[in-house]
>>> print(open('my_file-v6.pdb').read())   # PDB, C-alpha atoms
MODEL        1
ATOM      1  CA  MET A   1     114.032 -23.799  -0.990
ATOM      2  CA  ILE A   2     110.916 -25.859  -0.265
ATOM      3  CA  GLY A   3     111.540 -29.541  -0.973
ATOM      4  CA  LEU A   4     115.330 -29.097  -1.266
ATOM      5  CA  GLU A   5     116.052 -31.306   1.745
ATOM      6  CA  LYS A   6     113.951 -34.099   0.215
ATOM      7  CA  ILE A   7     115.970 -34.348  -3.006
ATOM      8  CA  LEU A   8     119.479 -33.190  -1.985
ATOM      9  CA  ARG A   9     121.137 -35.922   0.090
ATOM     10  CA  LYS A  10     123.783 -33.690   1.638
ATOM     11  CA  ASP A  11     124.878 -33.054   5.192
ATOM     12  CA  LYS A  12     122.575 -30.355   6.582
ATOM     13  CA  SER A  13     125.562 -28.574   8.143
ATOM     14  CA  ILE A  14     126.977 -27.929   4.633
ATOM     15  CA  LYS A  15     125.269 -25.145   2.715
ATOM     16  CA  PRO A  16     124.137 -26.123  -0.822
ATOM     17  CA  THR A  17     125.860 -24.338  -3.702
ATOM     18  CA  ILE A  18     123.995 -22.205  -6.242
ATOM     19  CA  ILE A  19     124.340 -24.997  -8.843
ATOM     20  CA  GLU A  20     122.933 -27.599  -6.426
ATOM     21  CA  GLU A  21     119.959 -25.376  -5.634
ATOM     22  CA  GLU A  22     119.287 -24.838  -9.343
ATOM     23  CA  VAL A  23     119.515 -28.569 -10.110
ATOM     24  CA  ALA A  24     117.196 -29.360  -7.186
ATOM     25  CA  LYS A  25     114.718 -26.755  -8.429
ATOM     26  CA  GLN A  26     114.664 -28.266 -11.916
ATOM     27  CA  LEU A  27     114.304 -31.807 -10.536
ATOM     28  CA  ILE A  28     111.309 -30.709  -8.476
ATOM     29  CA  ASN A  29     109.778 -29.146 -11.603
ATOM     30  CA  ILE A  30     110.339 -32.396 -13.522
ATOM     31  CA  GLN A  31     108.596 -34.329 -10.743
ATOM     32  CA  ILE A  32     105.544 -32.088 -11.160
ATOM     33  CA  GLN A  33     105.582 -32.231 -14.970
ATOM     34  CA  THR A  34     106.348 -35.973 -15.274
ATOM     35  CA  PRO A  35     104.404 -38.030 -12.699
ATOM     36  CA  LEU A  36     105.657 -41.218 -14.390
ATOM     37  CA  ILE A  37     109.136 -40.845 -12.840
ATOM     38  CA  LYS A  38     108.168 -38.848  -9.725
ATOM     39  CA  GLU A  39     108.433 -41.663  -7.164
ATOM     40  CA  THR A  40     111.710 -43.001  -8.562
ATOM     41  CA  LEU A  41     113.235 -39.531  -8.727
ATOM     42  CA  GLN A  42     112.250 -38.787  -5.123
ATOM     43  CA  ALA A  43     113.801 -42.062  -3.971
ATOM     44  CA  ILE A  44     117.105 -41.342  -5.732
ATOM     45  CA  GLY A  45     117.787 -37.667  -5.087
ATOM     46  CA  PHE A  46     121.403 -36.533  -5.527
ATOM     47  CA  ILE A  47     124.465 -35.985  -3.351
ATOM     48  CA  SER A  48     126.115 -33.065  -5.156
ATOM     49  CA  ALA A  49     126.204 -31.080  -8.393
ATOM     50  CA  THR A  50     129.419 -29.567  -9.772
ATOM     51  CA  GLN A  51     129.839 -27.205 -12.706
ATOM     52  CA  TYR A  52     132.785 -27.639 -15.117
ATOM     53  CA  LYS A  53     133.971 -25.176 -17.744
ATOM     54  CA  ILE A  54     134.445 -27.174 -20.957
ATOM     55  CA  ASN A  55     135.411 -24.321 -23.282
ATOM     56  CA  ASP A  56     134.763 -20.601 -23.730
ATOM     57  CA  LYS A  57     131.135 -21.234 -24.717
ATOM     58  CA  THR A  58     130.177 -24.391 -22.844
ATOM     59  CA  THR A  59     129.833 -25.429 -19.214
ATOM     60  CA  ALA A  60     128.663 -28.849 -18.033
ATOM     61  CA  ILE A  61     127.092 -30.070 -14.808
ATOM     62  CA  LEU A  62     128.137 -33.315 -13.146
ATOM     63  CA  ILE A  63     125.545 -34.785 -10.769
ATOM     64  CA  THR A  64     126.582 -37.389  -8.202
ATOM     65  CA  ILE A  65     124.023 -39.884  -6.904
ATOM     66  CA  PRO A  66     124.241 -42.653  -4.260
ATOM     67  CA  GLN A  67     125.849 -45.783  -5.703
ATOM     68  CA  PRO A  68     123.228 -48.233  -4.293
ATOM     69  CA  LEU A  69     120.510 -46.331  -6.198
ATOM     70  CA  LEU A  70     122.283 -46.393  -9.579
ATOM     71  CA  SER A  71     120.072 -49.194 -10.946
ATOM     72  CA  LYS A  72     116.950 -47.127 -10.168
ATOM     73  CA  TYR A  73     118.426 -44.092 -11.909
ATOM     74  CA  LEU A  74     119.155 -46.109 -15.074
ATOM     75  CA  THR A  75     115.423 -46.890 -15.416
ATOM     76  CA  ILE A  76     114.571 -43.187 -15.786
ATOM     77  CA  ALA A  77     117.813 -41.788 -17.272
ATOM     78  CA  LYS A  78     116.546 -41.652 -20.864
ATOM     79  CA  ILE A  79     113.612 -39.476 -19.749
ATOM     80  CA  LEU A  80     115.342 -37.430 -17.052
ATOM     81  CA  ILE A  81     118.596 -36.313 -18.721
ATOM     82  CA  PRO A  82     117.060 -34.782 -21.909
ATOM     83  CA  LYS A  83     114.600 -32.828 -19.746
ATOM     84  CA  LEU A  84     117.374 -31.524 -17.484
ATOM     85  CA  GLU A  85     119.534 -30.533 -20.464
ATOM     86  CA  GLU A  86     116.609 -28.725 -22.043
ATOM     87  CA  GLN A  87     115.934 -26.737 -18.867
ATOM     88  CA  LEU A  88     119.541 -25.978 -17.894
ATOM     89  CA  HIS A  89     120.811 -25.544 -21.500
ATOM     90  CA  CYS A  90     124.035 -27.471 -20.928
ATOM     91  CA  PRO A  91     125.287 -31.073 -20.984
ATOM     92  CA  ILE A  92     124.266 -33.042 -17.889
ATOM     93  CA  LEU A  93     126.324 -36.042 -16.782
ATOM     94  CA  VAL A  94     125.557 -38.356 -13.873
ATOM     95  CA  ILE A  95     127.874 -40.677 -11.948
ATOM     96  CA  ALA A  96     127.485 -42.817  -8.840
ATOM     97  CA  LYS A  97     129.557 -42.009  -5.764
ATOM     98  CA  ARG A  98     132.194 -44.719  -5.353
ATOM     99  CA  LYS A  99     135.117 -45.199  -3.002
ATOM    100  CA  ILE A 100     138.560 -46.400  -4.050
ATOM    101  CA  ILE A 101     140.323 -48.587  -1.484
ATOM    102  CA  SER A 102     144.111 -48.495  -1.745
ATOM    103  CA  ARG A 103     145.944 -51.803  -1.701
ATOM    104  CA  HIS A 104     148.548 -50.196   0.575
ATOM    105  CA  ILE A 105     146.239 -49.799   3.596
ATOM    106  CA  LYS A 106     145.704 -53.464   4.423
ATOM    107  CA  VAL A 107     145.433 -54.169   8.137
ATOM    108  CA  LYS A 108     146.308 -57.834   7.611
ATOM    109  CA  ARG A 109     148.373 -59.433   4.864
ATOM    110  CA  THR A 110     145.518 -61.838   4.088
ATOM    111  CA  GLN A 111     142.984 -59.022   3.740
ATOM    112  CA  THR A 112     141.420 -58.802   0.290
ATOM    113  CA  ILE A 113     140.049 -55.680  -1.371
ATOM    114  CA  PRO A 114     136.734 -55.938  -3.251
ATOM    115  CA  ARG A 115     137.417 -55.838  -6.986
ATOM    116  CA  SER A 116     134.751 -53.152  -7.420
ATOM    117  CA  ARG A 117     136.740 -50.808  -5.123
ATOM    118  CA  THR A 118     140.056 -51.007  -6.980
ATOM    119  CA  LEU A 119     141.344 -47.987  -8.924
ATOM    120  CA  THR A 120     140.903 -49.688 -12.315
ATOM    121  CA  ALA A 121     137.351 -50.870 -11.578
ATOM    122  CA  VAL A 122     136.196 -47.481 -10.285
ATOM    123  CA  HIS A 123     137.645 -45.605 -13.285
ATOM    124  CA  LYS A 124     135.964 -48.074 -15.643
ATOM    125  CA  ALA A 125     132.653 -47.638 -13.811
ATOM    126  CA  ILE A 126     132.953 -43.830 -14.024
ATOM    127  CA  LEU A 127     133.414 -44.055 -17.792
ATOM    128  CA  ASN A 128     130.370 -46.319 -18.128
ATOM    129  CA  ASP A 129     128.292 -43.845 -16.100
ATOM    130  CA  LEU A 130     129.406 -40.887 -18.221
ATOM    131  CA  ILE A 131     128.621 -42.504 -21.581
ATOM    132  CA  TYR A 132     125.321 -44.178 -20.611
ATOM    133  CA  PRO A 133     123.203 -45.273 -22.534
ATOM    134  CA  LEU A 134     125.846 -45.696 -25.267
ATOM    135  CA  THR A 135     127.849 -48.903 -25.698
ATOM    136  CA  ILE A 136     131.576 -48.874 -26.462
ATOM    137  CA  LEU A 137     132.365 -50.503 -29.800
ATOM    138  CA  ASP A 138     136.145 -50.556 -29.421
ATOM    139  CA  LYS A 139     138.627 -49.465 -26.762
ATOM    140  CA  ARG A 140     142.366 -48.805 -26.987
ATOM    141  CA  GLU A 141     145.072 -47.378 -24.735
ATOM    142  CA  ARG A 142     148.195 -45.628 -25.998
ATOM    143  CA  VAL A 143     151.126 -45.014 -23.640
ATOM    144  CA  LYS A 144     153.327 -42.022 -24.488
ATOM    145  CA  ALA A 145     157.077 -41.778 -24.020
ATOM    146  CA  ASP A 146     156.636 -39.694 -20.854
ATOM    147  CA  GLY A 147     154.579 -42.473 -19.253
ATOM    148  CA  SER A 148     151.190 -40.786 -19.611
ATOM    149  CA  SER A 149     148.396 -42.733 -21.271
ATOM    150  CA  VAL A 150     145.572 -41.805 -23.639
ATOM    151  CA  HIS A 151     142.403 -43.883 -23.680
ATOM    152  CA  LYS A 152     140.529 -43.986 -26.974
ATOM    153  CA  ILE A 153     136.983 -45.335 -27.238
ATOM    154  CA  CYS A 154     134.892 -45.738 -30.373
ATOM    155  CA  PHE A 155     131.149 -45.619 -30.913
ATOM    156  CA  THR A 156     129.072 -46.181 -34.019
ATOM    157  CA  ASP A 157     128.392 -43.083 -36.125
ATOM    158  CA  LYS A 158     124.767 -43.082 -34.856
ATOM    159  CA  ALA A 159     126.077 -42.163 -31.398
ATOM    160  CA  GLY A 160     127.605 -38.995 -32.867
ATOM    161  CA  ALA A 161     124.173 -37.385 -33.179
ATOM    162  CA  ILE A 162     123.433 -38.096 -29.499
ATOM    163  CA  LEU A 163     126.720 -36.612 -28.264
ATOM    164  CA  ALA A 164     126.550 -33.638 -30.633
ATOM    165  CA  SER A 165     123.856 -31.923 -28.554
ATOM    166  CA  TYR A 166     125.255 -29.395 -26.074
ATOM    167  CA  ASP A 167     128.880 -30.430 -26.893
ATOM    168  CA  LYS A 168     128.432 -33.593 -24.838
ATOM    169  CA  LYS A 169     131.432 -35.337 -26.417
ATOM    170  CA  GLN A 170     133.813 -32.621 -25.205
ATOM    171  CA  ALA A 171     132.097 -32.612 -21.793
ATOM    172  CA  ILE A 172     132.645 -36.361 -21.302
ATOM    173  CA  GLU A 173     136.324 -36.116 -22.302
ATOM    174  CA  HIS A 174     136.927 -33.109 -20.033
ATOM    175  CA  ILE A 175     135.140 -34.460 -16.946
ATOM    176  CA  TYR A 176     136.651 -37.949 -17.258
ATOM    177  CA  LYS A 177     140.128 -36.422 -17.213
ATOM    178  CA  ALA A 178     139.213 -34.178 -14.267
ATOM    179  CA  LEU A 179     137.991 -37.178 -12.253
ATOM    180  CA  THR A 180     140.636 -39.763 -13.176
ATOM    181  CA  CYS A 181     143.628 -37.728 -14.463
ATOM    182  CA  LYS A 182     143.502 -39.875 -17.639
ATOM    183  CA  SER A 183     143.117 -38.447 -21.130
ATOM    184  CA  LEU A 184     140.135 -39.703 -23.097
ATOM    185  CA  VAL A 185     139.473 -39.471 -26.845
ATOM    186  CA  ILE A 186     136.063 -40.328 -28.295
ATOM    187  CA  ASP A 187     135.842 -41.354 -31.938
ATOM    188  CA  PHE A 188     133.080 -42.625 -34.231
ATOM    189  CA  VAL A 189     133.194 -45.344 -36.884
ATOM    190  CA  HIS A 190     130.734 -46.265 -39.596
ATOM    191  CA  VAL A 191     129.479 -49.832 -39.292
ATOM    192  CA  GLU A 192     127.892 -51.505 -42.289
ATOM    193  CA  SER A 193     124.912 -53.691 -41.495
ATOM    194  CA  LYS A 194     125.398 -57.395 -42.267
ATOM    195  CA  LEU A 195     121.664 -58.131 -42.347
ATOM    196  CA  PRO A 196     120.040 -59.188 -45.640
ATOM    197  CA  LYS A 197     118.436 -56.288 -47.514
ATOM    198  CA  LYS A 198     114.816 -57.238 -46.719
ATOM    199  CA  LYS A 199     115.589 -57.896 -43.057
ATOM    200  CA  LYS A 200     117.513 -54.631 -42.853
ATOM    201  CA  GLU A 201     114.509 -52.713 -44.225
ATOM    202  CA  LYS A 202     112.260 -54.366 -41.628
ATOM    203  CA  GLU A 203     114.642 -53.355 -38.813
ATOM    204  CA  GLU A 204     114.764 -49.755 -40.079
ATOM    205  CA  SER A 205     110.945 -49.599 -40.305
ATOM    206  CA  LYS A 206     110.702 -50.877 -36.709
ATOM    207  CA  GLU A 207     113.088 -48.138 -35.516
ATOM    208  CA  GLU A 208     111.057 -45.470 -37.339
ATOM    209  CA  ALA A 209     107.816 -46.800 -35.801
ATOM    210  CA  GLN A 210     109.330 -46.710 -32.296
ATOM    211  CA  ASN A 211     110.533 -43.117 -32.791
TER     212      ASN A 211
ENDMDL
END
>>> encode(input="my_file-v6.pdb", output="structure tokens")
Amino acid sequence: MIGLEKILRKDKSIKPTIIEEEVAKQLINIQIQTPLIKETLQAIGFISATQYKINDKTTAILITIPQPLLSKYLTIAKILIPKLEEQLHCPILVIAKRKIISRHIKVKRTQTIPRSRTLTAVHKAILNDLIYPLTILDKRERVKADGSSVHKICFTDKAGAILASYDKKQAIEHIYKALTCKSLVIDFVHVESKLPKKKKEKEESKEEAQN
């Protein structure tokens, strides 16, 4: 495919999968259709694309990008992801490639491991990547009798509409467990606004004007 090598940052000796070729094709089309994010998208590219079967009707695609370029991706994510989902007709999730360094492989006793490379930090970062641009309202962990744990995170009810498209809620739960071996449950809570009535109306009118 023309332009594939420019956007797929993969070893040339490894043949791209059908999913990776399709994702690259759609990203090239987006570059043509949306000049606003063309340069940023070319600079980022992607390392791999993996398809996951969520249920009998839904499959999701997980795209991995270089970790140093994550901040650039976040500047165009709100434009890029909806366009990709519209073209591929499935939930699209993006994470940065990170490496976990085990505390058992120290060469010297005084050697320290960067906090960002610990198991806990990497799993937390993966979750943040999967749910972007949403913000976690509450987080809990329940440990079962067999020693397994279930992580429960809550969003406001407004986030439910965002995750409803293409079964994205189920996709996040499924892929997080596949990557970390930890169960994840996403829930939504209704939050009453504490703003005065007039101020609340002004905030709502601003949101409508922006949309």
>>> resolve_selection(input="my_file-v6.pdb", expression="the PyMOL selection byres ((chain A and resi 44-49) around 6)", output="number ranges by chain")
A: 7-10, 20, 41-43, 50, 62-65
>>> resolve_selection(input="my_file-v6.pdb", expression="the PyMOL selection byres ((chain A and resi 87) around 10)", output="mmCIF file with C-alpha atoms, in the frame of the given file")
data_model
loop_
_atom_site.group_PDB
_atom_site.id
_atom_site.type_symbol
_atom_site.label_atom_id
_atom_site.label_comp_id
_atom_site.auth_asym_id
_atom_site.auth_seq_id
_atom_site.Cartn_x
_atom_site.Cartn_y
_atom_site.Cartn_z
ATOM 1 C CA VAL A 23 119.515 -28.569 -10.110
ATOM 2 C CA GLN A 26 114.664 -28.266 -11.916
ATOM 3 C CA LEU A 27 114.304 -31.807 -10.536
ATOM 4 C CA ASN A 29 109.778 -29.146 -11.603
ATOM 5 C CA ILE A 30 110.339 -32.396 -13.522
ATOM 6 C CA ILE A 81 118.596 -36.313 -18.721
ATOM 7 C CA PRO A 82 117.060 -34.782 -21.909
ATOM 8 C CA LYS A 83 114.600 -32.828 -19.746
ATOM 9 C CA LEU A 84 117.374 -31.524 -17.484
ATOM 10 C CA GLU A 85 119.534 -30.533 -20.464
ATOM 11 C CA GLU A 86 116.609 -28.725 -22.043
ATOM 12 C CA LEU A 88 119.541 -25.978 -17.894
ATOM 13 C CA HIS A 89 120.811 -25.544 -21.500
ATOM 14 C CA CYS A 90 124.035 -27.471 -20.928
#
>>> residues_near_point(input="my_file-v6.pdb", point="(143.2, -47.7, -6.7)", cutoff="8 Å", atoms="all atoms listed in the file", output="VMD selection string")
chain A and resid 100 to 103 117 to 120 122
>>> write_last_selection(input="my_file-v6.pdb", atoms="C-alpha atoms", output="PDB file, in the frame of the given file")
ATOM      1  CA  ILE A 100     138.560 -46.400  -4.050  1.00  0.00           C
ATOM      2  CA  ILE A 101     140.323 -48.587  -1.484  1.00  0.00           C
ATOM      3  CA  SER A 102     144.111 -48.495  -1.745  1.00  0.00           C
ATOM      4  CA  ARG A 103     145.944 -51.803  -1.701  1.00  0.00           C
ATOM      5  CA  ARG A 117     136.740 -50.808  -5.123  1.00  0.00           C
ATOM      6  CA  THR A 118     140.056 -51.007  -6.980  1.00  0.00           C
ATOM      7  CA  LEU A 119     141.344 -47.987  -8.924  1.00  0.00           C
ATOM      8  CA  THR A 120     140.903 -49.688 -12.315  1.00  0.00           C
ATOM      9  CA  VAL A 122     136.196 -47.481 -10.285  1.00  0.00           C
TER      10      VAL A 122
END
>>> closest_residue(input="my_file-v6.pdb", among="A:Leu179, A:Leu80, A:Ile113, A:Ile14", to="A:Ile28", atoms="only C-alpha atoms")
A:Leu80
>>> axis_aligned_box(input="my_file-v6.pdb", around="stretch 125-137 of chain A", padding_each_side="8 Å", output="JSON")
{"center_x": 128.3, "center_y": -45.7, "center_z": -21.8, "size_x": 26.2, "size_y": 25.6, "size_z": 32.0}
>>> closest_residue(input="my_file-v6.pdb", among="A:Ser13, A:Thr156, A:Thr75, A:Thr59", to="A:Thr40", atoms="all atoms listed in the file")
A:Thr75
>>> atom_distance(input="my_file-v6.pdb", atom1="atom CA of A:Tyr73", atom2="atom CA of A:Ile126")
14.7 Å
>>> atom_distance(input="my_file-v6.pdb", atom1="atom CA of A:Gly160", atom2="atom CA of A:Lys72")
26.4 Å
>>> resolve_selection(input="my_file-v6.pdb", expression="the PyMOL selection byres ((chain A and resi 55) around 10)", output="list in words")
Tyr52, Lys53, Ile54, Asp56, Lys57, Thr58, Thr59, Ala60, Asp167, Gln170, Ala171 and His174 of chain A
>>> write_last_selection(input="my_file-v6.pdb", atoms="C-alpha atoms", output="short mmCIF file (atom, residue, chain, number, x, y, z; two decimals), keeping the file's coordinate frame")
data_model
loop_
_atom_site.label_atom_id
_atom_site.label_comp_id
_atom_site.auth_asym_id
_atom_site.auth_seq_id
_atom_site.Cartn_x
_atom_site.Cartn_y
_atom_site.Cartn_z
CA TYR A 52 132.78 -27.64 -15.12
CA LYS A 53 133.97 -25.18 -17.74
CA ILE A 54 134.44 -27.17 -20.96
CA ASP A 56 134.76 -20.60 -23.73
CA LYS A 57 131.14 -21.23 -24.72
CA THR A 58 130.18 -24.39 -22.84
CA THR A 59 129.83 -25.43 -19.21
CA ALA A 60 128.66 -28.85 -18.03
CA ASP A 167 128.88 -30.43 -26.89
CA GLN A 170 133.81 -32.62 -25.20
CA ALA A 171 132.10 -32.61 -21.79
CA HIS A 174 136.93 -33.11 -20.03
#
>>> atom_distance(input="my_file-v6.pdb", atom1="atom CA of A:Tyr132", atom2="atom CA of A:Lys25")
23.8 Å
>>> residues_around(input="my_file-v6.pdb", residues="A:Ser183", least_positions_apart="6", cutoff="9 Å", atoms="all atoms listed in the file", output="list of chain:residue names")
A:Ser148, A:Ser149, A:Val150, A:His151, A:Lys152, A:Glu173, A:His174, A:Tyr176, A:Lys177
>>> closest_residue(input="my_file-v6.pdb", among="A:Asp146, A:Glu22, A:Glu141, A:Glu39", to="A:Val185", atoms="all atoms listed in the file")
A:Glu141
>>> closest_residue(input="my_file-v6.pdb", among="A:Ala96, A:Pro114, A:His190, A:Ala125", to="A:Pro68", atoms="only C-alpha atoms")
A:Ala96
>>> closest_residue(input="my_file-v6.pdb", among="A:Pro16, A:Pro35, A:Pro66, A:Pro91", to="A:Ile162", atoms="only C-alpha atoms")
A:Pro91
>>> closest_residue(input="my_file-v6.pdb", among="A:Ile79, A:Ile175, A:Ala145, A:Leu137", to="A:Ala159", atoms="all atoms listed in the file")
A:Leu137
